[in-house]
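Contents: one structure, followed by commentary.
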Amino acid sequence: MKESADIKKLLITLKDRCRVCYTCVRECPAKAIKIINGQAEVLIDRCIGCGNCTRVCSQGAKVYRRSGMEVADILESPCRVAAIVAPSFPAEFTEIDDYRSFVGMMRKLGFDNVFEVGFGADLVAFEYKKILEAKSDKRYISSDCPAIVNYIRKYHPELNPSLAGIVSPMVAMSRVVKKKLGNDIKVVFLGPCVAKKEESPEIDEVLTFSELREMFSERGIEAGKVAPAEFDPPEAGKGAVFPISRGLLQTVDIKDNAFEGNIIVAEGRADFQEAVKEFEAGLISGQHLELLCCEGCIMGPGMTEGGKHYARRSFVSNYVREKLKKYNREEWNNNIKEYNTLDLTTVFETDDQRLPSPSVEEIRQELEKMGKVDARDFLNCGACGYESCEEHAIAIIEGLAEIEMCLPMTIDKLHNSINDLAVTNEKLVSVQQALKQSEKMASMGQLSAGIAHELNNPLGVVIMYSNILLDELPKNAEAYTDLKLIVEQANRCKKIVGGLLNFARKNQVNPAEVKLERLVRQAVDAVIIPDNVDVVLDINGMSQYTAMLDAEQIIQALTNLIKNAIEAMPEGGILKIEIKDENGNIEFHIIDTGTGIKEDDMDKIFEPFYTTKGIGKGTGLGLATTYGIVKMHNGQIDAISNADPGKGDTGTRFIVKLPANKV
């Protein structure tokens with residue numbers, strides 16, 4: 001249920017149907033459409049009532065005020081009601097062979113009298129002929145189309161005096177009816193025009209032809225079920241061709257050719273605007289303008305959708321041709337003389353709706369927001385509904401448009417958003433994997449800490465007593481060799497337990513100021529480098545950088561990584577160590593050109609006792625210990641590796657990230 005305020009509006013938007021296509025913006029000659037949060041709203045004060053937006057909206061989101069219920073109420077009232085029918089009716093009701101059947105349907109609907117507006121067009125045409133043939137330098141703009149009149153009044157008010165002060169055929173016919181039947185009769189206009197609904201208070205109601213069809217359908221009124229009837233006199237003459245292009249000229253036989261004519265005919269949204277602009281600029285000041293907002297009234301928004309322009313024109317022409325064969329010329333002349341004394345003049349008041357023009361600087365700034373900086377950026381694609389990027393920028397400043405209406409800019413933003421989303425998603429996957437790994441390592445750390453704690457005491461006893469026994473036995477004793485093996489293996493177990501404690505982060509960190517370069521060099525010196533391995537140290541300008549770290553533990557962690565890198569290059573290669581300052585954090589990169597780590601092994605490399613080395617070549621605690629040391633420093637360790645030569649160079653890069661507690 002619409003609000004009462006909306007019902008009173010001539011044109012409204014059904015927001016649930018608006019699909020952000022901006023077609024109505026593009027097709028509105030008055031730019032009376034405001035985009036709010038992507039949806040189009042008709043600004044009634046700026047609207048000229050042409051109804052073009054209702055015609056071009058494929059979703060049916062723009063609708064004009066319906067008057068069927070109001071007309072039904074008038075017909076049910078005790079008042080006499082007269083229908084005045086626009087001369088374009090043959091173009092609408094093409095299925096009705098005899099116009100008299102149409103008149104019979106109107107009477108069946110409840111109208112007491114049915115008149116042709118064509119006679120009003122005859123009267124108006126004679127008034128136009130008077131001013132067009134007058135010896136005057138003044139040039140006029142036709143005023144029979146209410147949408148054109150509104151356009152001049154609102155957007156070219158300086159041309160208001162150029163509007164011919166003559167009423168439209170509808171108003172003229174209304175005055176004829178009231179002169180004939182009295183002022184108390186109700187008058188309903190039926191035609192193809194939406195703007196007629198608000199043209200004149202002299203008309204009680206206006207019904208479009210499509211609304212009339214609905215009333216016929218609702219009441220089951222059909223041409224074959226009614227008695228044929230004639231229009232009430234006065235009968236129309238050539239004024240019946242008024243709704244087609246150049247109809248005014250043909251009505252009064254005014255010459256219209258390149259040599260003798262002094263009238264320019266323009267119709268349709270684009271053409272009439274261009275004619276008005278040139279007329280105002282003085283480029284065609286020597287000629288009169290006959291303007292129609294639609295491509296002839298036969299293409300008005302109140303007509304049923306789907307009709308063809310030239311077919312409709314043909315129906316009107318055929319109707320007039322047959323009519324002129326039968327009509328009584330003498331009676332028509334007498335009627336013209338009788339009603340020629342009617343006052344058909346009017347005055348049009350200006351209603352300036354022009355908005356202040358923004359400055360060049362304001363326009364430039366708005367264009368920059370849309371990414372329009374140089375000539376290549378001005379696509380002028382019209383997707384926003386405006387003919388140029390500059391017009392769009394002006395509309396934004398005026399509060400009629402939104403910056404998001406620019407399709408190229410929106411597409412660029414979408415692409416950037418997709419790229420950002422892809423990066424964010426990649427980071428999220430990485431974080432999820434790291435979290436999963438961290439949870440797994442935490443569980444294993446708790447287990448390792450428990451095992452190490454339980455083993456420490458009995459292991460200490462074994463080591464102590466085995467060393468006492470070893471000291472008491474002479475070296476040539478039979479059990480000396482066996483006891484020595486026990487001591488060696490017990491000490492090895494002690495180291496393993498120590499590794500487990502490091503992994504479980506049970507040791508303390510004793511930070512001190514250390515030079516990063518010196519730290520790395522000490523780690524390299526602690527490892528035996530084979531001759532077939534080249535070591536490259538890349539400090540990246542950080543030779544003087546210092547940080548608060550536990551030097552002994554970090555050296556141990558780096559040493560483990562360097563050892564693994566060397567062991568991964570049995571055939572030799574390059575070992576590169578980098579120190580970086582990334583976003584305020586310290587990063588150690590240990591890079592080798594070795595065999596790489598298989599993809600299936602990547603999520604297990606930091607687990608205690610997991611190793612890809614052969615039996616007896618490692619305990620699998622090196623990376624686990626390194627992991628524990630890094631975590632004790634509130635850091636992060638990552639690995640990137642490729643073991644498939646088909647995917648590129650093999651090798652591994654370990655990245656140790658530590659908080660930059662630089663001094």
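Lettering and numbering for the structure tokens are positional, with chains as A, B, ... in the shown order, residues counted from 1 in each chain, and ligands counted from 1 in the shown order.
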
I need the helix (DSSP H, G or I) residues of range 556-588 of chain A per DSSP on the backbone, written as a ChimeraX atom specification.
/A:556-567

Out of range 175-281 of chain A, which residues get strand (DSSP E) from DSSP, as a PDB file with C-alpha atoms, in the first residue's frame?
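Dumped to states.pdb:
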```
ATOM      1  CA  LYS A 186     -17.793  17.010 -15.656  1.00  0.00           C
ATOM      2  CA  VAL A 187     -15.092  16.641 -18.313  1.00  0.00           C
ATOM      3  CA  VAL A 188     -12.734  13.647 -18.554  1.00  0.00           C
ATOM      4  CA  PHE A 189      -9.898  13.657 -21.079  1.00  0.00           C
ATOM      5  CA  LEU A 190      -8.771  10.374 -22.606  1.00  0.00           C
ATOM      6  CA  GLY A 191      -5.444  10.306 -24.396  1.00  0.00           C
ATOM      7  CA  GLU A 205      -9.856  13.908 -14.627  1.00  0.00           C
ATOM      8  CA  VAL A 206      -7.408  12.534 -17.174  1.00  0.00           C
ATOM      9  CA  LEU A 207      -7.330   8.897 -18.193  1.00  0.00           C
ATOM     10  CA  THR A 208      -4.641   7.426 -20.436  1.00  0.00           C
ATOM     11  CA  ILE A 263       8.744  26.402 -39.060  1.00  0.00           C
ATOM     12  CA  ILE A 264      11.171  23.864 -37.629  1.00  0.00           C
ATOM     13  CA  VAL A 265       9.561  20.675 -36.368  1.00  0.00           C
ATOM     14  CA  ALA A 266      11.406  18.709 -33.677  1.00  0.00           C
ATOM     15  CA  GLU A 267      10.122  15.756 -31.715  1.00  0.00           C
TER      16      GLU A 267
END
```

Extract, using only C-alpha atoms, all DNA, RNA and protein residues at most 10 Å from range 193-204 of chain A, discarding same-chain residues fewer than 2 positions from it, and format them as a PyMOL selection string.
chain A and resi 10-11+47-52+54+64-67+70-71+74+81+84+86+145-150+167-168+170-172+174-175+178+183+185-191+206-209+294+297-303

Write out as a list in words which residues come within 9 Å of range 26-29 of chain A when counting only C-alpha atoms, dropping same-chain ones fewer than 5 positions away.
Cys47, Ile48, Cys50, Gly51, Asn52, Cys53, Val56, Tyr151, Arg269, Ala270, Gln273, Cys293, Gly382, Ala383, Cys384, Gly385, Tyr386 and Glu387 of chain A

Generate the output file for the selected residues, C-alpha atoms, as a PDB file, in the first residue's frame.
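again.pdb, written as the output of this step:
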```pdb
ATOM      1  CA  CYS A  47       9.811  16.737 -13.461  1.00  0.00           C
ATOM      2  CA  ILE A  48       8.156  17.971 -16.677  1.00  0.00           C
ATOM      3  CA  CYS A  50       6.691  13.611 -20.016  1.00  0.00           C
ATOM      4  CA  GLY A  51       6.421  10.092 -18.565  1.00  0.00           C
ATOM      5  CA  ASN A  52       9.394   8.962 -20.617  1.00  0.00           C
ATOM      6  CA  CYS A  53      10.835   7.159 -17.600  1.00  0.00           C
ATOM      7  CA  VAL A  56      11.815   3.086 -20.968  1.00  0.00           C
ATOM      8  CA  TYR A 151      10.485  22.197 -19.936  1.00  0.00           C
ATOM      9  CA  ARG A 269      13.768  13.679 -26.220  1.00  0.00           C
ATOM     10  CA  ALA A 270      17.044  14.586 -27.916  1.00  0.00           C
ATOM     11  CA  GLN A 273      16.197  19.825 -26.539  1.00  0.00           C
ATOM     12  CA  CYS A 293       8.308  15.759 -26.343  1.00  0.00           C
ATOM     13  CA  GLY A 382      27.115   7.086 -20.842  1.00  0.00           C
ATOM     14  CA  ALA A 383      26.693   4.072 -18.541  1.00  0.00           C
ATOM     15  CA  CYS A 384      25.940   6.450 -15.657  1.00  0.00           C
ATOM     16  CA  GLY A 385      23.000   7.952 -17.545  1.00  0.00           C
ATOM     17  CA  TYR A 386      24.822  11.181 -18.408  1.00  0.00           C
ATOM     18  CA  GLU A 387      26.285  11.944 -21.804  1.00  0.00           C
TER      19      GLU A 387
END
```

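Here CA of Pro90 in chain A stands at a distance of 28.6 Å from CA of Cys24 in chain A.
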
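Of the listed residues A:Asn160, A:Ser101, A:Ser142, A:Asn340, the one whose atoms come nearest to Ile221 in chain A is A:Ser101, with distances taken using only C-alpha atoms.
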
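The environment of range 228-244 of chain A within 7 Å, counting only C-alpha atoms and disregarding residues fewer than 6 places along the same chain, consists of Pro87, Ser88, Arg100, Ser101, Val103, Gly104, Asn113, Val114, Phe115, Glu116, Gly118, Phe119, Ala121, Asp122, Thr251, Gly296, Cys297, Ile298, Arg313, Val316, Ser317, Val320, Leu324, Trp332 and Asn335 of chain A.
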
I want to know what sits within 9 Å of range 408-411 of chain A, based on only C-alpha atoms, with residues of the same chain fewer than 3 positions away left out; could you give that as number ranges by chain?
A: 370-371, 379, 381, 383, 403-405, 414-416

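Using only C-alpha atoms, the shortest contact distance between Glu578 in chain A and any of A:Gln556, A:Gln522, A:Asn425, A:Asn540 is found at A:Asn540.
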
Rank A:Val423, A:Val124, A:Ala91, A:Ile397 by their smallest atom-to-atom distance to Glu305 in chain A, using only C-alpha atoms, and report the top residue only.
A:Ala91

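In this comparison, which uses only C-alpha atoms, the residue of A:Ile418, A:Val461, A:Val524, A:Cys493 approaching Ile555 in chain A most closely is A:Val524.
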
Which value, in Å to one decimal, gives the distance between CA of Thr346 in chain A and CA of Pro157 in chain A?
16.4 Å

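We find CA of His288 in chain A and CA of Arg139 in chain A to be spaced 5.2 Å apart.
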
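Distance check against Gly220 in chain A using only C-alpha atoms: of A:Leu14, A:Ala490, A:Leu109, A:Leu283, the minimum falls on A:Leu109.
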